[in-house]
$ cat entry_21.cif   # mmCIF, C-alpha atoms (C1' of nucleotides)
data_entry
#
loop_
_atom_site.label_atom_id
_atom_site.label_comp_id
_atom_site.auth_asym_id
_atom_site.auth_seq_id
_atom_site.Cartn_x
_atom_site.Cartn_y
_atom_site.Cartn_z
CA MET A 90 154.55 146.98 175.24
CA ALA A 91 153.80 150.57 174.66
CA LEU A 92 153.35 150.06 170.98
CA GLY A 93 152.91 146.38 170.23
CA LYS A 94 149.80 145.69 168.23
CA ASP A 95 149.09 149.31 167.48
CA TYR A 96 152.22 149.93 165.50
CA ALA A 97 152.26 146.43 164.01
CA HIS A 98 150.06 147.34 161.09
CA GLN A 99 152.20 150.37 160.33
CA GLN A 100 154.11 149.94 157.12
CA CYS A 101 157.13 151.81 158.38
CA SER A 102 160.62 151.04 159.61
CA ILE A 103 160.39 153.92 162.04
CA ALA A 104 157.33 152.39 163.66
CA ARG A 105 159.07 149.04 163.76
CA SER A 106 162.01 150.57 165.55
CA LEU A 107 159.74 152.29 168.01
CA GLU A 108 158.15 148.98 168.86
CA VAL A 109 161.58 147.92 170.12
CA VAL A 110 163.03 151.09 171.60
CA GLY A 111 160.05 153.41 171.81
CA GLU A 112 158.84 152.63 175.29
CA ARG A 113 159.50 154.76 178.28
CA TRP A 114 163.00 154.29 179.71
CA THR A 115 164.15 152.00 176.92
CA LEU A 116 166.35 154.45 175.04
CA LEU A 117 167.81 155.69 178.30
CA VAL A 118 168.80 152.14 179.17
CA VAL A 119 170.53 151.88 175.81
CA ARG A 120 172.20 155.24 176.35
CA ASP A 121 173.57 154.07 179.68
CA ALA A 122 174.83 150.92 178.04
CA PHE A 123 176.87 153.10 175.68
CA TYR A 124 178.19 155.00 178.67
CA GLY A 125 179.52 151.78 180.19
CA VAL A 126 176.71 150.84 182.53
CA ARG A 127 176.22 147.08 182.56
CA ARG A 128 174.69 146.03 185.87
CA TYR A 129 171.11 146.08 187.04
CA GLY A 130 172.01 148.05 190.12
CA ASP A 131 173.91 150.67 188.17
CA PHE A 132 171.10 151.16 185.68
CA LEU A 133 168.78 151.48 188.65
CA ALA A 134 170.90 154.06 190.42
CA HIS A 135 171.54 156.13 187.33
CA LEU A 136 168.06 156.03 185.78
CA GLY A 137 165.85 156.12 188.83
CA ALA A 138 163.34 153.91 187.06
CA PRO A 139 161.12 151.57 189.04
CA ARG A 140 162.79 148.22 189.59
CA ALA A 141 160.05 146.25 187.89
CA VAL A 142 160.10 148.48 184.82
CA LEU A 143 163.86 148.26 184.54
CA ALA A 144 163.77 144.47 184.77
CA ALA A 145 161.09 144.34 182.08
CA ARG A 146 163.01 146.69 179.77
CA LEU A 147 166.27 144.83 180.12
CA GLN A 148 164.50 141.57 179.37
CA ALA A 149 162.75 143.09 176.35
CA LEU A 150 166.01 144.48 175.01
CA VAL A 151 167.67 141.10 175.40
CA ASP A 152 164.74 139.48 173.60
CA ALA A 153 165.00 142.05 170.82
CA GLY A 154 168.71 141.37 170.38
CA VAL A 155 169.80 144.83 171.45
CA LEU A 156 171.46 143.71 174.66
CA ASP A 157 173.23 140.50 175.51
CA ARG A 158 172.98 139.14 179.03
CA ARG A 159 176.05 137.33 180.14
CA ARG A 160 177.55 135.90 183.29
CA TYR A 161 180.54 137.79 184.59
CA GLN A 162 181.03 135.91 187.83
CA GLU A 163 179.85 132.55 189.10
CA SER A 164 179.70 133.00 192.82
CA PRO A 165 177.42 134.61 193.51
CA PRO A 166 176.04 134.30 190.00
CA ARG A 167 175.93 137.76 188.45
CA ASP A 168 175.00 138.82 184.95
CA GLU A 169 175.73 141.96 183.03
CA TYR A 170 174.00 143.49 180.04
CA VAL A 171 176.15 144.51 177.10
CA LEU A 172 175.25 145.94 173.72
CA THR A 173 175.11 143.59 170.76
CA GLU A 174 176.02 144.58 167.21
CA ALA A 175 172.42 145.64 166.69
CA GLY A 176 172.56 147.63 169.89
CA LEU A 177 175.73 149.40 168.82
CA ALA A 178 173.95 150.35 165.60
CA LEU A 179 171.60 152.50 167.68
CA TRP A 180 174.34 155.02 168.32
CA PRO A 181 173.30 157.34 165.47
CA VAL A 182 169.81 157.50 166.92
CA LEU A 183 171.07 158.53 170.35
CA ARG A 184 173.53 160.99 168.88
CA ALA A 185 170.83 162.61 166.78
CA LEU A 186 168.44 162.81 169.71
CA GLY A 187 171.09 164.31 171.94
CA ALA A 188 172.12 166.84 169.33
CA TRP A 189 168.53 167.89 168.81
CA GLY A 190 167.92 168.37 172.51
CA ARG A 191 171.11 170.36 172.91
CA ASP A 192 170.46 172.59 169.89
CA ARG A 193 166.70 172.89 169.81
CA ILE A 194 165.36 172.79 173.33
CA PRO A 195 165.66 176.25 174.86
CA GLY A 196 167.86 176.46 177.89
CA THR A 197 169.66 173.21 177.34
CA LEU A 198 173.40 173.43 177.78
CA PRO A 199 175.68 170.77 176.33
CA MET A 200 175.79 167.95 178.85
CA ARG A 201 178.31 165.66 177.27
CA ARG A 202 180.69 166.25 174.42
CA PHE A 203 181.95 163.51 172.17
CA HIS A 204 185.44 163.48 170.75
CA HIS A 205 187.26 161.24 168.34
CA ALA A 206 189.57 159.38 170.69
CA ALA A 207 192.27 158.97 168.04
CA CYS A 208 192.75 162.67 167.35
CA GLY A 209 190.89 164.42 170.16
CA THR A 210 188.67 166.46 167.87
CA GLU A 211 185.09 167.04 168.88
CA LEU A 212 182.74 165.23 166.55
CA GLY A 213 180.74 167.11 163.96
CA PRO A 214 176.96 167.35 163.76
CA GLY A 215 176.70 164.03 161.91
CA GLY A 216 178.96 162.16 164.32
CA GLU A 217 181.86 162.37 161.91
CA CYS A 218 185.41 163.45 162.63
CA PRO A 219 185.81 166.98 161.25
CA SER A 220 189.59 167.05 161.57
CA ALA A 221 191.16 167.41 158.13
CA GLY A 222 194.32 165.66 159.20
CA CYS A 223 192.59 162.64 160.70
CA PRO A 224 192.60 159.39 158.72
CA SER A 225 188.88 158.99 159.35
CA HIS A 226 188.14 162.59 158.38
CA GLY A 227 184.53 163.06 157.36
CA ARG A 228 183.46 159.53 158.25
CA ALA A 229 181.24 158.52 161.17
CA VAL A 230 183.29 157.53 164.20
CA PRO A 231 182.19 154.23 165.75
CA PRO A 232 181.19 154.42 169.43
CA ALA A 233 184.21 152.43 170.56
CA ASP A 234 186.45 155.22 169.26
CA ILE A 235 184.56 157.99 170.98
CA GLU A 236 185.67 159.69 174.15
CA MET A 237 182.95 161.31 176.20
CA ARG A 238 183.77 164.48 178.13
CA PRO A 239 181.59 166.39 180.55
CA GLY A 240 179.89 169.55 179.28
CA ALA A 241 178.81 172.78 180.87
CA GLY A 242 175.29 171.67 181.71
CA LEU A 243 176.32 168.75 183.87
CA ASP A 244 175.78 168.81 187.63
CA PRO A 245 179.33 168.80 189.04
CA ASP A 246 178.37 166.91 192.20
CA PRO A 247 175.58 164.43 191.56
CA ALA A 248 174.14 162.21 194.25
CA ASP A 249 174.48 158.76 192.81
CA PRO A 250 177.87 157.12 192.31
CA VAL A 251 177.16 156.16 188.71
CA SER A 252 176.64 159.77 187.70
CA ARG A 253 179.83 160.64 189.56
CA ALA A 254 181.78 158.01 187.66
CA LEU A 255 180.38 159.38 184.40
CA LEU A 256 181.73 162.86 185.16
CA ARG A 257 185.25 161.92 184.21
CA PRO A 258 186.22 161.75 180.54
CA ARG A 259 185.80 158.18 179.42
CA ARG A 260 185.72 156.03 176.35
CA LEU A 261 182.25 154.85 175.37
CA LEU A 262 181.42 151.19 176.00
CA VAL A 263 184.18 150.78 178.60
CA PRO A 264 182.48 149.23 181.64
CA LEU A 265 182.18 151.17 184.87
CA GLU A 266 184.70 150.19 187.47
CA HIS A 267 183.55 148.27 190.50
CA GLU A 268 185.54 147.48 193.58
CA PRO A 269 185.64 143.78 194.16
CA PRO A 270 183.49 143.34 197.32
CA ALA A 271 186.54 142.94 199.60
CA GLY A 272 188.25 146.13 198.52
CA ASN A 273 191.18 146.62 200.86
CA SER A 274 193.98 144.15 200.30
CA PRO A 275 196.68 146.84 200.03
CA ALA A 276 199.61 144.73 198.81
CA ALA A 277 197.68 142.24 196.65
CA PRO A 278 195.70 144.13 193.98
CA VAL A 279 193.52 141.13 193.17
CA VAL A 280 194.65 139.73 189.86
CA VAL A 281 191.70 138.15 188.08
CA PRO A 282 192.70 134.51 187.48
CA ASP A 283 191.51 134.24 183.90
CA GLY A 284 189.28 136.60 182.03
CA HIS A 285 187.57 134.29 179.58
CA MET B 2 153.51 163.07 179.75
CA ALA B 3 155.14 159.78 179.38
CA LEU B 4 158.32 161.14 180.79
CA GLY B 5 157.72 164.50 182.38
CA LYS B 6 158.90 164.70 185.93
CA ASP B 7 160.85 161.48 185.80
CA TYR B 8 163.26 162.60 183.15
CA ALA B 9 163.44 166.18 184.39
CA HIS B 10 166.21 165.50 186.84
CA GLN B 11 168.22 163.69 184.18
CA GLN B 12 171.31 165.62 183.22
CA CYS B 13 171.14 164.59 179.60
CA SER B 14 170.11 166.10 176.29
CA ILE B 15 168.78 162.75 175.16
CA ALA B 16 166.42 162.63 178.12
CA ARG B 17 165.38 166.21 177.40
CA SER B 18 164.57 165.30 173.84
CA LEU B 19 162.58 162.30 174.96
CA GLU B 20 160.50 164.50 177.19
CA VAL B 21 159.36 166.24 174.01
CA VAL B 22 159.19 163.46 171.43
CA GLY B 23 159.41 160.30 173.54
CA GLU B 24 155.76 159.65 174.10
CA ARG B 25 153.72 157.12 172.25
CA TRP B 26 152.67 158.33 168.79
CA THR B 27 154.66 161.56 168.98
CA LEU B 28 157.46 160.62 166.64
CA LEU B 29 155.00 159.08 164.23
CA VAL B 30 153.13 162.36 164.12
CA VAL B 31 156.38 164.11 163.29
CA ARG B 32 157.17 161.49 160.66
CA ASP B 33 153.82 162.08 159.01
CA ALA B 34 154.46 165.81 159.07
CA PHE B 35 157.62 165.20 157.05
CA TYR B 36 155.59 163.09 154.64
CA GLY B 37 153.27 166.01 154.00
CA VAL B 38 150.43 165.29 156.38
CA ARG B 39 149.09 168.50 157.90
CA ARG B 40 145.47 168.00 158.92
CA TYR B 41 144.00 166.43 161.98
CA GLY B 42 141.85 164.10 159.93
CA ASP B 43 144.77 162.92 157.83
CA PHE B 44 146.95 162.22 160.85
CA LEU B 45 144.02 160.34 162.29
CA ALA B 46 143.46 158.24 159.21
CA HIS B 47 147.11 157.43 158.71
CA LEU B 48 148.14 156.77 162.29
CA GLY B 49 145.06 155.10 163.69
CA ALA B 50 145.70 156.73 167.05
CA PRO B 51 142.79 157.57 169.34
CA ARG B 52 141.38 160.99 168.60
CA ALA B 53 142.02 162.32 172.08
CA VAL B 54 145.62 161.17 172.06
CA LEU B 55 146.24 162.71 168.67
CA ALA B 56 144.78 166.02 169.79
CA ALA B 57 146.95 165.97 172.90
CA ARG B 58 150.10 165.15 170.93
CA LEU B 59 149.52 167.85 168.35
CA GLN B 60 148.95 170.38 171.10
CA ALA B 61 152.08 169.26 172.94
CA LEU B 62 154.16 169.48 169.78
CA VAL B 63 152.86 172.98 169.12
CA ASP B 64 153.69 173.95 172.70
CA ALA B 65 157.16 172.50 172.31
CA GLY B 66 157.76 174.47 169.14
CA VAL B 67 158.03 171.43 166.90
CA LEU B 68 154.83 172.11 165.00
CA ASP B 69 153.19 175.36 164.08
CA ARG B 70 149.42 175.53 163.92
CA ARG B 71 148.14 177.90 161.33
CA ARG B 72 144.92 178.83 159.65
CA TYR B 73 144.69 177.77 156.04
CA GLN B 74 141.11 178.82 155.39
CA GLU B 75 138.76 181.16 157.17
CA SER B 76 135.36 179.80 156.37
CA PRO B 77 134.90 177.42 157.93
CA PRO B 78 137.98 178.06 160.06
CA ARG B 79 140.47 175.27 159.53
CA ASP B 80 144.01 174.91 160.85
CA GLU B 81 146.91 172.81 159.71
CA TYR B 82 150.02 171.68 161.53
CA VAL B 83 153.36 172.29 159.86
CA LEU B 84 156.89 171.63 161.02
CA THR B 85 158.87 174.52 162.43
CA GLU B 86 162.62 174.93 162.09
CA ALA B 87 163.06 172.90 165.24
CA GLY B 88 160.75 170.24 163.87
CA LEU B 89 162.69 170.04 160.63
CA ALA B 90 165.81 169.47 162.71
CA LEU B 91 164.31 166.18 163.87
CA TRP B 92 164.85 164.65 160.46
CA PRO B 93 168.18 163.01 161.40
CA VAL B 94 166.47 161.28 164.31
CA LEU B 95 163.76 159.84 162.10
CA ARG B 96 166.24 158.86 159.43
CA ALA B 97 168.44 157.07 161.96
CA LEU B 98 165.48 155.26 163.51
CA GLY B 99 164.21 154.17 160.12
CA ALA B 100 167.60 152.98 159.01
CA TRP B 101 168.03 150.98 162.20
CA GLY B 102 164.68 149.29 161.83
CA ARG B 103 165.33 148.47 158.22
CA ASP B 104 168.81 147.10 158.84
CA ARG B 105 168.57 145.58 162.28
CA ILE B 106 165.08 144.25 162.80
CA PRO B 107 164.85 140.83 161.20
CA GLY B 108 162.31 140.51 158.43
CA THR B 109 161.95 144.21 157.78
CA LEU B 110 162.02 145.17 154.13
CA PRO B 111 162.76 148.72 153.07
CA MET B 112 159.47 150.58 153.22
CA ARG B 113 160.47 153.94 151.86
CA ARG B 114 163.61 154.99 150.06
CA PHE B 115 164.95 158.51 150.14
CA HIS B 116 166.67 160.10 147.19
CA HIS B 117 168.39 163.39 146.62
CA ALA B 118 165.82 165.18 144.49
CA ALA B 119 168.47 167.20 142.66
CA CYS B 120 170.41 164.23 141.30
CA GLY B 121 168.14 161.23 141.95
CA THR B 122 170.73 159.31 143.94
CA GLU B 123 169.54 157.28 146.91
CA LEU B 124 170.86 158.78 150.12
CA GLY B 125 173.70 157.14 152.03
CA PRO B 126 173.54 155.72 155.54
CA GLY B 127 174.13 159.13 157.09
CA GLY B 128 171.52 160.90 154.99
CA GLU B 129 174.18 162.36 152.75
CA CYS B 130 174.25 162.39 148.96
CA PRO B 131 176.76 159.74 147.89
CA SER B 132 176.93 160.83 144.27
CA ALA B 133 180.44 162.00 143.44
CA GLY B 134 179.22 164.32 140.73
CA CYS B 135 176.63 166.03 142.90
CA PRO B 136 177.39 169.53 144.23
CA SER B 137 176.24 168.45 147.68
CA HIS B 138 178.27 165.25 147.57
CA GLY B 139 178.94 163.90 151.04
CA ARG B 140 176.82 166.46 152.82
CA ALA B 141 173.52 165.81 154.54
CA VAL B 142 170.57 166.55 152.29
CA PRO B 143 167.88 168.72 153.92
CA PRO B 144 164.39 167.19 153.99
CA ALA B 145 163.02 169.69 151.49
CA ASP B 146 165.44 168.30 148.90
CA ILE B 147 164.53 164.67 149.51
CA GLU B 148 162.24 162.64 147.31
CA MET B 149 160.56 159.68 148.96
CA ARG B 150 159.90 156.58 146.89
CA PRO B 151 158.02 153.46 147.89
CA GLY B 152 160.06 150.41 148.86
CA ALA B 153 159.52 146.69 148.59
CA GLY B 154 157.96 146.26 152.03
CA LEU B 155 155.09 148.64 151.41
CA ASP B 156 151.54 147.36 151.09
CA PRO B 157 150.60 148.19 147.49
CA ASP B 158 146.90 148.67 148.25
CA PRO B 159 146.35 150.15 151.69
CA ALA B 160 142.91 150.92 153.07
CA ASP B 161 143.19 154.56 154.04
CA PRO B 162 143.49 157.30 151.43
CA VAL B 163 146.47 158.93 153.13
CA SER B 164 148.54 155.79 152.82
CA ARG B 165 147.45 155.56 149.20
CA ALA B 166 148.57 159.09 148.54
CA LEU B 167 151.92 158.30 150.14
CA LEU B 168 152.52 155.41 147.73
CA ARG B 169 153.50 157.70 144.91
CA PRO B 170 156.98 159.19 144.84
CA ARG B 171 156.82 162.58 146.46
CA ARG B 172 158.95 165.36 147.80
CA LEU B 173 159.10 165.51 151.59
CA LEU B 174 157.19 168.36 153.26
CA VAL B 175 154.93 168.91 150.25
CA PRO B 176 151.37 168.91 151.61
CA LEU B 177 148.95 166.18 150.65
CA GLU B 178 146.45 167.22 148.04
CA HIS B 179 142.83 167.76 149.01
CA GLU B 180 139.90 168.38 146.73
CA PRO B 181 138.21 171.66 147.54
CA PRO B 182 134.88 170.60 149.08
CA ALA B 183 132.78 171.66 146.08
CA GLY B 184 134.91 169.99 143.44
CA ASN B 185 132.91 170.14 140.24
CA SER B 186 132.53 173.63 138.91
CA PRO B 187 134.03 172.84 135.51
CA ALA B 188 134.19 176.32 134.07
CA ALA B 189 134.50 178.42 137.24
CA PRO B 190 137.31 177.22 139.49
CA VAL B 191 136.14 179.22 142.53
CA VAL B 192 138.45 182.14 142.94
CA VAL B 193 138.78 183.04 146.61
CA PRO B 194 137.84 186.74 146.86
CA ASP B 195 140.65 187.80 149.13
CA GLY B 196 142.93 185.52 151.08
CA HIS B 197 143.89 187.67 154.04
"C1'" DT C 275 174.06 133.41 213.56
"C1'" DT C 276 173.21 137.54 211.90
"C1'" DC C 277 173.80 141.04 208.56
"C1'" DA C 278 174.50 143.20 204.09
"C1'" DT C 279 174.37 143.11 198.97
"C1'" DC C 280 172.68 142.10 194.55
"C1'" DG C 281 169.04 141.25 191.58
"C1'" DG C 282 165.09 140.79 191.18
"C1'" DT C 283 159.34 139.79 192.15
"C1'" DT C 284 154.80 141.14 194.23
"C1'" DC C 285 151.32 144.22 195.13
"C1'" DA C 286 148.13 148.16 195.64
"C1'" DT C 287 147.63 152.59 193.69
"C1'" DT C 288 147.79 155.87 190.10
"C1'" DC C 289 148.00 157.25 185.54
"C1'" DA C 290 147.85 157.07 180.59
"C1'" DC C 291 145.76 154.95 176.65
"C1'" DC C 292 141.87 153.22 174.27
"C1'" DG C 293 137.75 153.55 171.47
"C1'" DA C 294 133.12 154.75 171.14
"C1'" DA C 295 129.99 158.31 171.68
"C1'" DC C 296 128.99 162.87 171.74
"C1'" DC C 297 129.45 167.91 170.50
"C1'" DC C 298 129.75 172.12 167.80
"C1'" DA C 299 130.51 175.44 164.07
"C1'" DG C 300 129.94 176.23 159.43
"C1'" DC C 301 128.33 175.35 155.27
"C1'" DG C 302 125.00 173.47 151.31
"C1'" DG C 303 120.50 171.84 149.82
"C1'" DG C 304 115.51 171.69 149.96
"C1'" DC D 232 114.04 177.66 158.17
"C1'" DC D 233 115.41 173.07 158.99
"C1'" DC D 234 118.24 169.07 157.89
"C1'" DG D 235 122.25 166.67 157.31
"C1'" DC D 236 127.18 166.56 156.22
"C1'" DT D 237 132.12 167.52 157.21
"C1'" DG D 238 136.10 168.75 159.90
"C1'" DG D 239 137.92 168.96 164.26
"C1'" DG D 240 137.76 168.13 168.19
"C1'" DT D 241 135.98 166.79 173.75
"C1'" DT D 242 133.92 163.48 177.13
"C1'" DC D 243 133.73 159.30 179.39
"C1'" DG D 244 133.94 154.48 181.19
"C1'" DG D 245 137.05 150.50 180.96
"C1'" DT D 246 141.64 148.60 180.73
"C1'" DG D 247 146.40 148.05 180.89
"C1'" DA D 248 150.86 149.90 182.11
"C1'" DA D 249 153.88 152.60 185.33
"C1'" DT D 250 155.01 153.62 190.06
"C1'" DG D 251 157.19 152.94 194.48
"C1'" DA D 252 157.37 150.45 198.56
"C1'" DA D 253 157.72 146.03 200.50
"C1'" DC D 254 159.20 141.49 200.19
"C1'" DC D 255 162.20 137.49 198.67
"C1'" DG D 256 166.24 134.37 197.97
"C1'" DA D 257 170.98 133.37 197.16
"C1'" DT D 258 175.58 134.34 198.49
"C1'" DG D 259 179.17 135.78 201.23
"C1'" DA D 260 181.16 138.64 205.20
"C1'" DA D 261 181.38 139.75 210.37
#
$ encode --input "entry_21.cif" --output "structure tokens"
Amino acid sequence: MALGKDYAHQQCSIARSLEVVGERWTLLVVRDAFYGVRRYGDFLAHLGAPRAVLAARLQALVDAGVLDRRRYQESPPRDEYVLTEAGLALWPVLRALGAWGRDRIPGTLPMRRFHHAACGTELGPGGECPSAGCPSHGRAVPPADIEMRPGAGLDPDPADPVSRALLRPRRLLVPLEHEPPAGNSPAAPVVVPDGH
Amino acid sequence: MALGKDYAHQQCSIARSLEVVGERWTLLVVRDAFYGVRRYGDFLAHLGAPRAVLAARLQALVDAGVLDRRRYQESPPRDEYVLTEAGLALWPVLRALGAWGRDRIPGTLPMRRFHHAACGTELGPGGECPSAGCPSHGRAVPPADIEMRPGAGLDPDPADPVSRALLRPRRLLVPLEHEPPAGNSPAAPVVVPDGH
DNA sequence: TTCATCGGTTCATTCACCGAACCCAGCGGG
DNA sequence: CCCGCTGGGTTCGGTGAATGAACCGATGAA
């Protein structure tokens, strides 16, 4: 751990939080989870982190209760990582960090804009819906109700497929699409037998 | 840098922010700056970070425009580190991190509570003043208007003097007090000839 | 049988962090 | 003048974490 023992004696909730999410790559993993990334390979492609580090971070986040690892297919056995309640509660941290970088680091253009999905309004500086007519006017919009749209600073033609998928407007938390391995059965669009 | 080159190619304001404040100790330095810590020795005593690391972080934060280093006495020459505008804008990040740790890490008691200094009300989850009668009701309270009070999880008798000073309720950003080196001139309180 | 994919683990190298020691300028006292 | 103290660092050897390339194993497709 980057912080471990050293922050342990700190009498501070901020230090406690940093013990969990303060290591290199960790907050970017959580960010990607909000964007809909769930699989090891997708995190890997999008982050560019070393494989060993990514594996360690995912495991640590599962241990900390930020991510939940769950089986999404049996054969071959494959797991995905999804945000828990506690993980979802990290959204204000990411929003604040992103807003600071956009507003306070010179030469940073807006990369991604966040809109209230219900009314289409771009969220205010505190993550609240600023639309006077909206039922949730003035209150913080939960991540599941946020639509992410590309901003001016985003590379329009990125190399990796995950970044390309994230160029389109999308609801937060909705998983990235993946072709089932045998993609081309033109007349039978592969109905999943039972989701549960 | 903990992140440097690796995050540079990331098309993301969050990653950009983490390049600046994502390294070990950095956000705790900024936190202490909000609490009123300004001197190298006080950061050192309160954080317990290695001296070299602290010096590097302070320098990096100055370079990034988060802290401003300025002379507060000429003889001997002594500098202090104070938050810039951009540094003050990090308050929502720290508040969100602290709130997450307090609410989502099991066994964490509130360490510090933040109140609107004007009306005494404890701030809401978004850092806003929840008091209906307050002129700034519902709006985010700037750090300069926040009073910090000790919470239940705080060690009532810490070892280092900085932690002890931070036990008393205090306004954010107000510098820690320091005795002038020659303290006891009872009738002649050492008027500095000319400050400039 | 062979190949490809997914999700890792292993390993040697590099890098950052650690903490103790050292350094230096500017006082203040004798 | 010399000594020691204080504040604010720098230097340095040892250690642990990050890196990236290679390897591994299970499954399923060709």
$ interface_residues --input "entry_21.cif" --of "chain A" --to "chain D" --cutoff "8 Å" --atoms "only C-alpha atoms (C1' of nucleotides)" --output "list in words"
Pro139, Val142, Ser164 and Pro165 of chain A
$ atom_distance --input "entry_21.cif" --atom1 "CA of Gln99 (chain A)" --atom2 "CA of Gln148 (chain A)"
24.3 Å
$ interface_residues --input "entry_21.cif" --of "chain C" --to "chain B" --cutoff "10 Å" --atoms "all atoms listed in the file" --output "list in words"
DC289, DA290, DC291, DC292, DG293, DA299, DG300, DC301 and DG302 of chain C
$ interface_residues --input "entry_21.cif" --of "chain B" --to "chain A" --cutoff "9 Å" --atoms "all atoms listed in the file" --output "number ranges by chain"
B: 3-4, 7-8, 11-19, 21, 23-26, 28-29, 32, 47-50, 65-66, 86-88, 90-106, 109-113, 127, 139, 141, 154-156
$ atom_distance --input "entry_21.cif" --atom1 "CA of Gly125 (chain A)" --atom2 "CA of Asp152 (chain A)"
20.3 Å
$ calpha_fit_rmsd --input "entry_21.cif" --fixed "chain A" --moving "chain B"
1.1 Å
$ residues_around --input "entry_21.cif" --residues "Pro176 (chain B)" --least-positions-apart "5" --cutoff "12 Å" --atoms "all atoms listed in the file" --output "PyMOL selection string"
chain B and resi 33-40+43+73+81-84+145+163+166-167+171
$ residues_around --input "entry_21.cif" --residues "Thr122 (chain B)" --least-positions-apart "6" --cutoff "8 Å" --atoms "only C-alpha atoms (C1' of nucleotides)" --output "NGL selection string"
:B and (116 or 130-132)
$ write_last_selection --input "entry_21.cif" --atoms "C-alpha atoms" --output "mmCIF file, in the coordinates of the input"
data_model
loop_
_atom_site.group_PDB
_atom_site.id
_atom_site.type_symbol
_atom_site.label_atom_id
_atom_site.label_comp_id
_atom_site.auth_asym_id
_atom_site.auth_seq_id
_atom_site.Cartn_x
_atom_site.Cartn_y
_atom_site.Cartn_z
ATOM 1 C CA HIS B 116 166.670 160.100 147.190
ATOM 2 C CA CYS B 130 174.250 162.390 148.960
ATOM 3 C CA PRO B 131 176.760 159.740 147.890
ATOM 4 C CA SER B 132 176.930 160.830 144.270
#
$ atom_distance --input "entry_21.cif" --atom1 "CA of Arg260 (chain A)" --atom2 "CA of Leu147 (chain A)"
22.8 Å
$ closest_residue --input "entry_21.cif" --among "A:Thr173, A:Leu143, A:Ser225, A:Pro239" --to "Phe203 (chain A)" --atoms "only C-alpha atoms"
A:Pro239
$ axis_aligned_box --input "entry_21.cif" --around "region 36-40 of chain B" --padding-each-side "3 Å" --output "AutoDock Vina command-line options"
--center_x 150.5 --center_y 165.8 --center_z 156.5 --size_x 16.1 --size_y 11.4 --size_z 10.9
$ resolve_selection --input "entry_21.cif" --expression "the PyMOL selection byres ((chain C and resi 279) around 10)" --output "short mmCIF file (atom, residue, chain, number, x, y, z; two decimals) with C-alpha atoms (C1' of nucleotides), in the frame of the given file"
data_model
loop_
_atom_site.label_atom_id
_atom_site.label_comp_id
_atom_site.auth_asym_id
_atom_site.auth_seq_id
_atom_site.Cartn_x
_atom_site.Cartn_y
_atom_site.Cartn_z
CA PRO A 270 183.49 143.34 197.32
"C1'" DC C 277 173.80 141.04 208.56
"C1'" DA C 278 174.50 143.20 204.09
"C1'" DC C 280 172.68 142.10 194.55
"C1'" DG C 281 169.04 141.25 191.58
"C1'" DT D 258 175.58 134.34 198.49
"C1'" DG D 259 179.17 135.78 201.23
#
